[in-house]
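Have a look at structure-v5.cif below; it lists mmCIF, C-alpha atoms.
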```cif
data_input
loop_
_atom_site.label_atom_id
_atom_site.label_comp_id
_atom_site.auth_asym_id
_atom_site.auth_seq_id
_atom_site.Cartn_x
_atom_site.Cartn_y
_atom_site.Cartn_z
CA MET I 1 0.00 0.00 0.00
CA TYR I 2 1.74 3.14 1.08
CA ARG I 3 5.26 3.50 2.39
CA GLN I 4 6.62 4.53 5.74
CA ILE I 5 7.39 8.20 5.98
CA SER I 6 9.33 10.11 8.56
CA VAL I 7 7.84 12.46 11.09
CA ASP I 8 10.00 15.25 9.64
CA ASN I 9 8.61 14.60 6.15
CA VAL I 10 5.10 14.94 7.54
CA ALA I 11 5.90 18.17 9.37
CA HIS I 12 7.59 19.61 6.28
CA ALA I 13 4.74 18.68 3.94
CA VAL I 14 2.03 20.29 6.06
CA ASN I 15 4.24 23.26 6.93
CA GLY I 16 3.86 22.23 10.57
CA ARG I 17 5.81 22.24 13.79
CA VAL I 18 7.12 19.31 15.79
CA VAL I 19 6.15 20.34 19.30
CA TYR I 20 7.48 17.22 20.96
CA ARG I 21 9.59 14.42 19.51
CA GLY I 22 8.77 10.97 20.92
CA ASP I 23 10.03 7.42 20.49
CA PHE I 24 9.25 6.82 16.82
CA GLU I 25 10.68 8.53 13.76
CA HIS I 26 8.39 6.96 11.17
CA ILE I 27 4.70 6.42 10.66
CA LYS I 28 3.13 3.49 8.82
CA GLY I 29 -0.28 4.95 8.11
CA VAL I 30 -2.73 7.71 8.87
CA VAL I 31 -6.02 7.82 10.74
CA ALA I 32 -7.76 11.19 10.58
CA SER I 33 -10.74 11.91 12.79
CA GLY I 34 -12.20 14.33 15.25
CA LEU I 35 -13.98 11.45 16.89
CA MET I 36 -11.83 9.43 19.27
CA SER I 37 -14.41 6.64 19.27
CA ASP I 38 -13.63 6.09 15.56
CA VAL I 39 -9.91 6.05 16.21
CA LEU I 40 -10.29 3.36 18.86
CA VAL I 41 -12.04 1.11 16.32
CA THR I 42 -9.16 1.12 13.82
CA GLU I 43 -6.74 -1.77 13.67
CA ASP I 44 -3.93 -0.02 11.79
CA GLU I 45 -0.58 0.05 13.49
CA GLY I 46 2.10 2.67 13.95
CA ILE I 47 -0.24 5.36 12.71
CA LEU I 48 -0.14 9.12 12.59
CA LEU I 49 -3.30 10.33 14.30
CA VAL I 50 -4.56 13.47 12.57
CA SER I 51 -7.21 15.37 14.48
CA ASN I 52 -8.78 18.79 14.61
CA LEU I 53 -9.42 18.26 18.30
CA ALA I 54 -6.81 19.51 20.75
CA THR I 55 -7.47 17.73 24.03
CA GLN I 56 -5.56 15.45 26.39
CA GLN I 57 -7.83 12.60 25.37
CA VAL I 58 -6.47 12.75 21.83
CA VAL I 59 -3.06 11.93 23.29
CA ARG I 60 -4.54 9.22 25.52
CA THR I 61 -6.36 7.70 22.57
CA ALA I 62 -3.20 7.78 20.45
CA ASP I 63 -1.38 5.93 23.22
CA MET I 64 -4.09 3.29 23.55
CA VAL I 65 -3.93 2.39 19.86
CA GLY I 66 -0.13 2.54 19.85
CA ALA I 67 0.03 5.51 17.45
CA HIS I 68 3.52 6.74 16.55
CA ALA I 69 2.63 10.42 16.21
CA ILE I 70 -0.15 12.99 16.49
CA LEU I 71 -0.83 15.92 14.17
CA ILE I 72 -3.29 18.59 15.28
CA THR I 73 -4.80 20.63 12.44
CA ASN I 74 -6.60 23.97 12.06
CA ALA I 75 -3.99 25.92 14.06
CA LYS I 76 -5.57 24.70 17.28
CA ALA I 77 -3.68 25.84 20.36
CA LEU I 78 -2.04 22.96 22.20
CA SER I 79 -2.47 23.17 25.94
CA ASP I 80 0.37 22.58 28.38
CA ASP I 81 -1.51 19.55 29.70
CA MET I 82 -1.53 18.02 26.26
CA LEU I 83 2.16 18.62 25.78
CA GLU I 84 2.99 17.20 29.20
CA LEU I 85 1.00 14.06 28.50
CA ALA I 86 2.70 13.61 25.09
CA GLU I 87 6.02 13.82 26.89
CA GLU I 88 4.93 11.38 29.59
CA LEU I 89 3.74 8.88 26.98
CA SER I 90 6.60 9.69 24.63
CA ILE I 91 4.42 10.29 21.56
CA THR I 92 5.49 12.77 18.89
CA LEU I 93 3.17 15.77 18.81
CA MET I 94 2.90 18.09 15.79
CA SER I 95 0.64 20.92 14.77
CA THR I 96 -0.26 22.63 11.52
CA ASP I 97 -2.29 25.63 10.46
CA MET I 98 -3.80 23.66 7.60
CA SER I 99 -7.40 22.48 7.80
CA MET I 100 -8.23 18.82 8.22
CA PHE I 101 -9.09 18.51 4.52
CA GLU I 102 -5.92 20.24 3.33
CA THR I 103 -3.84 18.15 5.71
CA CYS I 104 -5.35 14.89 4.51
CA TYR I 105 -4.99 15.89 0.85
CA THR I 106 -1.33 16.81 1.40
CA LEU I 107 -0.51 13.66 3.36
CA GLY I 108 -2.32 11.55 0.76
CA LYS I 109 -0.16 12.97 -2.02
CA LEU I 110 2.95 12.39 0.10
CA MET I 111 2.08 8.79 0.85
CA TYR I 112 0.49 7.46 -2.31
CA GLU I 113 2.25 9.35 -5.12
CA ARG I 114 5.69 8.66 -6.56
CA MET A 115 -17.05 16.68 79.26
CA ILE A 116 -14.55 14.51 77.42
CA ARG A 117 -16.13 11.58 75.71
CA ALA A 118 -14.91 8.23 76.97
CA PHE A 119 -13.17 5.73 74.71
CA PRO A 120 -15.73 3.10 73.74
CA ILE A 121 -14.15 0.15 75.46
CA GLY A 122 -15.69 -2.81 77.25
CA THR A 123 -19.09 -1.74 75.93
CA ASP A 124 -21.09 -3.23 73.09
CA LYS A 125 -19.67 -0.45 70.88
CA ALA A 126 -16.25 -2.08 70.79
CA THR A 127 -16.09 -4.72 68.08
CA THR A 128 -14.16 -7.93 68.61
CA ALA A 129 -11.64 -6.87 65.96
CA VAL A 130 -10.86 -3.61 67.77
CA MET A 131 -10.81 -5.29 71.19
CA GLU A 132 -8.44 -7.89 69.79
CA ILE A 133 -6.06 -5.12 68.63
CA ILE A 134 -6.00 -3.20 71.91
CA LEU A 135 -5.56 -6.39 73.90
CA ARG A 136 -2.76 -7.60 71.66
CA LEU A 137 -0.88 -4.29 71.67
CA LYS A 138 1.21 -3.53 74.72
CA ILE A 139 1.65 -0.11 76.25
CA LYS A 140 5.30 -0.23 75.20
CA ASP A 141 4.18 -0.52 71.55
CA ALA A 142 2.45 2.85 71.76
CA MET A 143 4.38 4.91 74.32
CA THR A 144 6.92 7.61 73.53
CA THR A 145 10.37 6.57 74.67
CA ASP A 146 12.16 9.77 73.76
CA LEU A 147 11.76 11.14 77.28
CA LYS A 148 12.26 14.70 78.43
CA THR A 149 12.83 14.47 82.17
CA ALA A 150 14.07 16.83 84.86
CA LYS A 151 15.54 16.46 88.34
CA LYS A 152 13.74 17.58 91.50
CA GLU A 153 16.45 20.22 92.04
CA ASP A 154 15.73 21.85 88.65
CA SER A 155 13.86 25.14 88.79
CA LEU A 156 10.32 25.40 87.46
CA ARG A 157 11.60 28.06 85.05
CA TYR A 158 14.07 25.55 83.65
CA ILE A 159 11.27 23.01 83.22
CA GLN A 160 9.07 25.63 81.58
CA GLN A 161 11.82 26.25 79.00
CA MET A 162 12.13 22.53 78.49
CA MET A 163 8.40 22.25 77.74
CA LYS A 164 8.61 25.13 75.32
CA ASN A 165 11.64 23.77 73.47
CA ASN A 166 10.38 20.20 73.23
CA TYR A 167 6.68 20.88 72.67
CA VAL A 168 5.61 18.81 75.70
CA THR A 169 3.05 19.70 78.35
CA GLY A 170 4.27 17.42 81.14
CA VAL A 171 7.77 16.62 82.39
CA PRO A 172 8.42 13.63 84.69
CA ILE A 173 10.76 14.34 87.60
CA VAL A 174 13.29 11.56 87.95
CA ASP A 175 15.64 10.55 90.73
CA ASP A 176 18.02 7.68 90.00
CA GLU A 177 15.90 6.57 86.97
CA LYS A 178 12.83 6.31 89.20
CA ILE A 179 9.92 8.69 88.78
CA VAL A 180 9.23 10.80 91.86
CA GLY A 181 6.84 13.38 90.47
CA ILE A 182 5.53 15.23 87.44
CA VAL A 183 5.38 18.90 86.46
CA THR A 184 2.64 19.89 84.05
CA VAL A 185 1.62 23.15 82.40
CA ASN A 186 -0.83 23.63 85.31
CA HIS A 187 2.00 23.64 87.82
CA ILE A 188 3.89 26.18 85.70
CA MET A 189 0.85 28.45 85.46
CA ASN A 190 0.39 28.36 89.24
CA ALA A 191 4.09 29.12 89.71
CA LEU A 192 3.86 32.13 87.40
CA ASP A 193 0.68 33.26 89.11
CA LYS A 194 2.05 32.95 92.62
CA GLY A 195 5.62 33.99 91.88
CA TYR A 196 7.68 30.87 92.65
CA ILE A 197 8.76 30.04 89.09
CA HIS A 198 12.44 30.26 90.03
CA GLU A 199 12.17 27.74 92.85
CA PRO A 200 13.11 24.01 92.55
CA ALA A 201 10.43 21.59 91.33
CA GLU A 202 10.54 19.31 94.37
CA LYS A 203 8.19 21.31 96.56
CA TYR A 204 5.49 21.95 93.94
CA MET A 205 5.51 18.94 91.58
CA GLY A 206 2.60 16.56 91.45
CA ARG A 207 3.25 13.57 93.67
CA ALA A 208 -0.01 11.68 93.42
CA LEU A 209 1.32 9.62 90.55
CA VAL A 210 -0.71 7.24 88.47
CA VAL A 211 1.68 5.18 86.40
CA LEU A 212 1.31 2.36 83.89
CA GLU A 213 3.52 -0.63 83.35
CA ASP A 214 5.04 -1.19 79.90
CA ASP A 215 3.89 -4.83 79.65
CA MET A 216 0.23 -4.08 80.24
CA PRO A 217 -2.15 -4.31 77.30
CA LEU A 218 -3.12 -1.05 75.61
CA SER A 219 -6.75 -1.65 76.61
CA PHE A 220 -5.68 -1.15 80.22
CA ALA A 221 -4.22 2.25 79.42
CA ILE A 222 -7.41 3.22 77.62
CA THR A 223 -9.49 2.45 80.72
CA TYR A 224 -7.09 4.70 82.65
CA PHE A 225 -7.74 7.57 80.25
CA ASN A 226 -11.46 7.02 80.85
CA LYS A 227 -11.01 6.86 84.63
CA TYR A 228 -8.63 9.79 85.19
CA SER A 229 -8.55 13.25 83.69
CA TYR A 230 -4.77 13.17 83.16
CA HIS A 231 -3.50 13.84 79.65
CA ARG A 232 -0.50 11.56 80.03
CA PHE A 233 0.72 8.64 82.09
CA PRO A 234 4.34 7.87 82.93
CA VAL A 235 5.23 4.29 82.06
CA ILE A 236 7.56 2.19 84.20
CA ASN A 237 9.04 -1.27 83.74
CA LYS A 238 9.16 -4.18 86.17
CA GLU A 239 12.22 -2.66 87.86
CA GLN A 240 10.15 0.45 88.58
CA ARG A 241 12.32 2.50 86.18
CA LEU A 242 10.72 5.19 84.03
CA VAL A 243 10.83 3.95 80.41
CA GLY A 244 8.25 6.05 78.59
CA ILE A 245 5.24 8.31 78.61
CA LEU A 246 1.85 7.62 77.10
CA THR A 247 -0.54 10.27 75.75
CA SER A 248 -3.88 9.83 74.01
CA ARG A 249 -2.13 11.02 70.87
CA ASP A 250 0.24 8.03 71.12
CA ILE A 251 -2.75 5.70 71.36
CA LEU A 252 -4.46 7.34 68.41
CA THR A 253 -1.37 7.09 66.21
CA THR A 254 -0.72 3.47 67.11
CA LEU A 255 -4.33 2.45 66.57
CA LEU A 256 -4.47 4.13 63.17
CA GLN A 257 -1.28 2.39 62.07
CA GLU A 258 -2.57 -0.92 63.32
CA LEU A 259 -5.95 -0.46 61.64
CA ASN A 260 -4.13 0.41 58.45
CA SER A 261 -2.17 -2.81 58.36
CA GLU A 262 -5.26 -4.82 59.33
CA MET A 263 -7.17 -3.21 56.46
CA GLU A 264 -4.32 -3.88 54.07
CA GLU A 265 -4.40 -7.53 54.98
CA LEU A 266 -8.19 -7.62 54.57
CA GLU A 267 -8.03 -5.89 51.19
CA GLY A 268 -5.36 -8.36 50.11
CA LYS A 269 -7.67 -11.24 51.04
CA ILE A 270 -10.58 -9.63 49.18
CA GLU A 271 -8.42 -9.14 46.07
CA LEU A 272 -7.30 -12.75 46.11
CA LYS A 273 -10.88 -13.90 46.55
CA LEU A 274 -11.93 -11.69 43.63
CA ALA A 275 -9.11 -13.05 41.50
CA ALA A 276 -10.11 -16.62 42.35
CA GLU A 277 -13.74 -15.87 41.43
CA ARG A 278 -12.54 -14.79 38.01
CA GLY A 279 -10.58 -17.96 37.61
CA CYS A 280 -7.25 -16.14 37.88
CA THR A 281 -4.86 -18.15 39.99
CA LEU A 282 -1.41 -18.06 38.38
CA ASN A 283 0.83 -15.12 39.15
CA VAL A 284 -2.08 -12.77 39.79
CA ILE A 285 -2.03 -8.97 39.79
CA THR A 286 -5.16 -7.05 40.75
CA ARG A 287 -5.80 -3.33 40.58
CA ASP A 288 -8.76 -1.17 41.52
CA TYR A 289 -9.15 2.40 40.26
CA ALA A 290 -11.90 4.86 41.14
CA VAL A 291 -13.22 6.74 38.11
CA ASN A 292 -15.24 9.92 38.58
CA LYS A 293 -18.12 11.34 36.58
CA TYR A 294 -17.10 13.97 33.98
CA ASP A 295 -13.46 13.79 35.07
CA PHE A 296 -12.04 14.07 31.55
CA GLU A 297 -8.73 15.29 32.87
CA ASN A 298 -7.92 11.95 34.49
CA ALA A 299 -9.80 9.70 32.08
CA GLY A 300 -7.36 7.17 30.71
CA ARG A 301 -5.05 7.04 33.69
CA ALA A 302 -6.34 3.67 34.89
CA SER A 303 -6.03 2.21 31.39
CA PHE A 304 -2.52 3.59 31.16
CA GLU A 305 -1.64 1.74 34.38
CA LEU A 306 -3.05 -1.48 32.92
CA LYS A 307 -0.95 -0.95 29.82
CA LYS A 308 2.14 -0.53 31.98
CA ILE A 309 1.45 -3.78 33.85
CA LEU A 310 0.99 -5.66 30.58
CA LYS A 311 4.19 -4.19 29.13
CA GLU A 312 6.12 -5.24 32.22
CA ARG A 313 4.77 -8.74 31.74
CA LYS A 314 6.08 -8.72 28.17
CA ILE A 315 2.67 -9.44 26.72
CA SER A 316 2.42 -9.09 22.92
CA GLN A 317 1.65 -5.70 21.38
CA LYS A 318 -1.55 -7.01 19.79
CA ILE A 319 -2.96 -8.20 23.11
CA ILE A 320 -1.87 -5.00 24.86
CA ARG A 321 -3.67 -2.95 22.25
CA ARG A 322 -6.89 -4.93 22.57
CA ALA A 323 -6.80 -4.73 26.37
CA SER A 324 -5.97 -1.02 26.28
CA VAL A 325 -8.82 -0.26 23.92
CA ALA A 326 -11.31 -2.30 25.99
CA SER A 327 -10.16 -0.68 29.21
CA TYR A 328 -10.09 2.84 27.78
CA GLU A 329 -13.56 2.52 26.23
CA LEU A 330 -14.93 1.33 29.58
CA GLU A 331 -13.09 4.06 31.44
CA ILE A 332 -14.43 6.76 29.12
CA ASN A 333 -17.91 5.27 29.52
CA LEU A 334 -17.61 5.60 33.29
CA VAL A 335 -16.60 9.25 32.90
CA ILE A 336 -19.29 10.10 30.37
CA HIS A 337 -22.30 8.03 31.39
CA SER A 338 -21.98 6.82 34.97
CA ASP A 339 -22.38 8.58 38.29
CA GLY A 340 -18.92 7.26 39.10
CA GLY A 341 -17.49 3.83 39.56
CA HIS A 342 -14.49 1.59 39.55
CA LEU A 343 -12.31 -0.04 36.96
CA LEU A 344 -10.84 -3.32 38.16
CA PHE A 345 -8.08 -5.28 36.50
CA THR A 346 -7.10 -8.85 37.17
CA VAL A 347 -4.20 -10.24 35.20
CA ASP A 348 -2.70 -13.71 35.49
CA ASP A 349 -0.64 -15.94 33.19
CA ASN A 350 -3.69 -16.90 31.15
CA LYS A 351 -5.90 -13.88 30.79
CA ILE A 352 -6.71 -10.25 31.42
CA VAL A 353 -10.03 -9.45 33.09
CA ILE A 354 -11.24 -5.86 32.90
CA GLU A 355 -14.28 -5.06 34.96
CA SER A 356 -16.18 -1.78 35.07
CA ARG A 357 -18.60 -1.29 37.95
CA ASP A 358 -20.61 1.87 38.42
CA ILE A 359 -23.11 3.15 40.94
CA GLY A 360 -25.72 4.24 38.43
CA PRO A 361 -27.81 5.36 36.69
CA GLY A 362 -28.15 1.95 35.02
CA ILE A 363 -29.35 0.95 31.56
CA ALA A 364 -32.95 -0.01 30.84
CA ASP A 365 -32.29 -2.05 27.70
CA VAL A 366 -28.79 -3.41 27.41
CA SER A 367 -29.28 -4.76 23.87
CA VAL A 368 -29.90 -1.24 22.56
CA VAL A 369 -26.67 0.24 23.94
CA LEU A 370 -24.66 -2.50 22.26
CA GLU A 371 -25.81 -1.27 18.84
CA GLU A 372 -23.18 0.82 17.13
CA GLY A 373 -24.19 4.45 16.90
CA TYR A 374 -26.68 4.42 19.77
CA SER A 375 -25.73 7.09 22.26
CA THR A 376 -27.21 9.25 24.97
CA ALA A 377 -24.18 11.56 25.08
CA ASN A 378 -24.75 15.31 25.01
CA GLU A 379 -23.13 17.93 22.77
CA TRP A 380 -20.40 18.73 25.27
CA ILE A 381 -19.26 15.11 25.40
CA ARG A 382 -19.35 14.90 21.61
CA SER A 383 -17.23 18.04 21.37
CA MET A 384 -14.58 16.12 23.33
CA GLY A 385 -14.49 13.48 20.63
CA PHE A 386 -16.56 10.85 22.40
CA GLY A 387 -20.15 9.72 22.72
CA ALA A 388 -20.49 8.32 19.22
CA GLY A 389 -22.11 5.18 20.55
CA MET A 390 -19.21 2.93 19.65
CA GLY A 391 -17.76 2.24 23.07
CA LEU A 392 -19.48 -0.93 24.23
CA ALA A 393 -19.60 -2.44 20.75
CA ASN A 394 -15.89 -1.77 20.37
CA THR A 395 -15.13 -3.24 23.78
CA ARG A 396 -17.02 -6.38 22.80
CA ARG A 397 -15.17 -6.48 19.47
CA VAL A 398 -11.74 -6.63 21.11
CA SER A 399 -12.81 -9.04 23.89
CA ASP A 400 -12.70 -12.84 23.87
CA HIS A 401 -15.50 -12.84 26.39
CA PHE A 402 -17.85 -9.95 27.06
CA ASP A 403 -20.65 -9.59 29.57
CA ILE A 404 -22.87 -6.71 30.63
CA THR A 405 -25.47 -6.57 33.36
CA SER A 406 -27.41 -3.52 34.41
CA GLU A 407 -30.28 -2.38 36.54
CA VAL A 408 -31.84 1.08 36.42
CA GLY A 409 -31.23 2.92 39.66
CA LYS A 410 -28.54 0.46 40.71
CA GLY A 411 -25.73 0.48 38.20
CA THR A 412 -23.96 -1.34 35.43
CA THR A 413 -21.23 -3.96 35.44
CA VAL A 414 -19.26 -4.79 32.32
CA ILE A 415 -16.70 -7.57 32.13
CA SER A 416 -14.21 -7.96 29.32
CA VAL A 417 -11.90 -10.96 29.20
CA ILE A 418 -8.90 -11.20 26.89
CA HIS A 419 -6.92 -14.44 26.65
CA LEU A 420 -3.15 -14.35 26.51
CA GLU A 421 -2.41 -17.45 24.41
CA ASP A 422 0.36 -16.88 21.91
CA GLY A 423 -0.62 -16.48 18.32
CA ASP A 424 -4.20 -15.81 19.32
CA GLU A 425 -4.89 -13.08 16.85
CA ASP A 426 -8.49 -13.91 16.11
CA ILE A 427 -10.87 -11.34 17.37
CA THR A 428 -14.26 -12.55 18.40
CA ILE A 429 -16.99 -10.49 16.88
CA GLY A 430 -20.44 -10.27 18.36
#
```
Represent the structure of the file as structure tokens.
Amino acid sequence: MYRQISVDNVAHAVNGRVVYRGDFEHIKGVVASGLMSDVLVTEDEGILLVSNLATQQVVRTADMVGAHAILITNAKALSDDMLELAEELSITLMSTDMSMFETCYTLGKLMYER
Amino acid sequence: MIRAFPIGTDKATTAVMEIILRLKIKDAMTTDLKTAKKEDSLRYIQQMMKNNYVTGVPIVDDEKIVGIVTVNHIMNALDKGYIHEPAEKYMGRALVVLEDDMPLSFAITYFNKYSYHRFPVINKEQRLVGILTSRDILTTLLQELNSEMEELEGKIELKLAAERGCTLNVITRDYAVNKYDFENAGRASFELKKILKERKISQKIIRRASVASYELEINLVIHSDGGHLLFTVDDNKIVIESRDIGPGIADVSVVLEEGYSTANEWIRSMGFGAGMGLANTRRVSDHFDITSEVGKGTTVISVIHLEDGDEDITIG
């Protein structure tokens, strides 16, 4: 299907920032949702969790499904709590000003093309 | 009027009586003694009280107690102007002492009988070895009750584990989960994940257990009036149990349908309440059970087996 890409490639493509760098350097897939319930149903592994929701529970959810990184869209402000939890759980946390749609379109091109 | 310690009445349970009979006065008394000699001035003793935060100083002669000076004696001395005189003439001589080998229950009856705040404690050789205050008794009893409770809780946990068929190398945990406490939601599940990681359980199993636990934990936060998340792990399986104190579910079959939810807008804005939780928990479980009664509460049990290579996920 699609290939592994690095966290830095993701950040560069979406013109984003790596707020915290965790254990993993690569992601194997993407799950994008504002609904954590949907994320918990997926069976993909080593994912990048893309969400337009900026809460601690996004980080918790990412941890529960063993996600490798989180990307928060729509220029949502990341709270200190969220950052602290990402550090505690050692999950890479990124943010971008792009909308959810733009982010997904960009990541899709990055992952499926070439 | 000071209330008496409930002892020797029908208010004292056998368990408590057993503790205060088993404990000796020497187990509770303070042995770090601040004593003075009968030649010491009351002023000197007053300073001693101030510096050591005590309200009574035993007067000792050749390791034997001959009197006691309390704050009352000091106040009288200040009032009547003999604070610089030696203690001997003014100290309390009507001494009520306890022996260090007596049971604590005996000391408690003394506190009921006399209005003294402290009792000097002597040994068989009549030497002063300690002092006993009601604070000493309180501290000792609390510590003792604590260890008794720990033992009891340990027994309950083992019983619980046995009821769930977990017997080999068992770990049990019990976490309280509060209504609408989104800030802490997920902490219990994180602890479960840690335990499973330490046990070197496969990633696939850890993920299934984490998802089941987290879904149940979020459900407790969103839908219940509060409850507990209990984990029992042994060498064969993981048992996750969610117990809440209400409000209960009228028709359990309806809540198991994907998409059915009673969550409000606020909960949905947090990314939850899509009506997937219980269905998803059942999806990742090898065994799933839910019982509920309106007005009483809901109990959900999710069991995940640990066998190697068990990657099949039971659906429905």
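Counting only C-alpha atoms, every residue of chain A that comes within 9 Å of chain I is listed here: A:Phe296, A:Glu297, A:Ala299, A:Gly300, A:Arg301, A:Ser303, A:Phe304, A:Lys307, A:Gln317, A:Ile320, A:Arg321, A:Arg322, A:Ala323, A:Ser324, A:Val325, A:Tyr328, A:Glu329, A:Arg382, A:Ser383, A:Met384, A:Gly385, A:Phe386, A:Gly387, A:Ala388, A:Gly389, A:Met390, A:Gly391, A:Asn394, A:Arg397.
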Box along x, y and z, 5 Å on every side, all listed atoms of range 184-192 of chain A inside: centre and edge lengths in Å to one decimal, as lines of an AutoDock Vina configuration file.
```
center_x = 1.6
center_y = 26.0
center_z = 86.1
size_x = 14.9
size_y = 22.2
size_z = 17.3
```
* Which residues match the PyMOL selection byres ((chain I and resi 98) around 12) in the file above, as a ChimeraX atom specification? -> /I:11,13-17,50-52,71-76,94-97,99-107
* Asked: Which protein, DNA or RNA residues are at most 6 Å from (10.4, 12.6, 85.6) in the file's coordinates when you count all atoms listed in the file, listed as a ChimeraX atom specification?
  -> /A:149-150,171-174,179,182
* Asked: Written as a PyMOL selection string, which residues does the PyMOL selection byres ((chain A and resi 213-230) around 9) give for the file shown?
  -> chain A and resi 116-119+121-122+131+133-143+210-212+231-238+240+243-244+246-248+251
* Picked residues, the PyMOL selection byres ((chain A and resi 282-287) around 9), expected as a PyMOL selection string -> chain A and resi 271-272+274-275+280-281+288-289+306+309+343-350
* Scan for residues within 8 Å of the point (-22.1, -0.8, 36.0) in the coordinates of the file, using all atoms listed in the file, and reply as a PyMOL selection string. => chain A and resi 338+341+356-360+362+405-406+411-414
* Provide the CA of Gly170 in chain A to CA of Ala191 in chain A distance in Å, to one decimal place. =>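 Taking CA of Gly170 in chain A as the start and CA of Ala191 in chain A as the end point, the length is 14.5 Å.
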* To do: Measure the distance from CA of Gly206 in chain A to CA of His187 in chain A in Å and round it to one decimal.
  =>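 The value is 8.0 Å.
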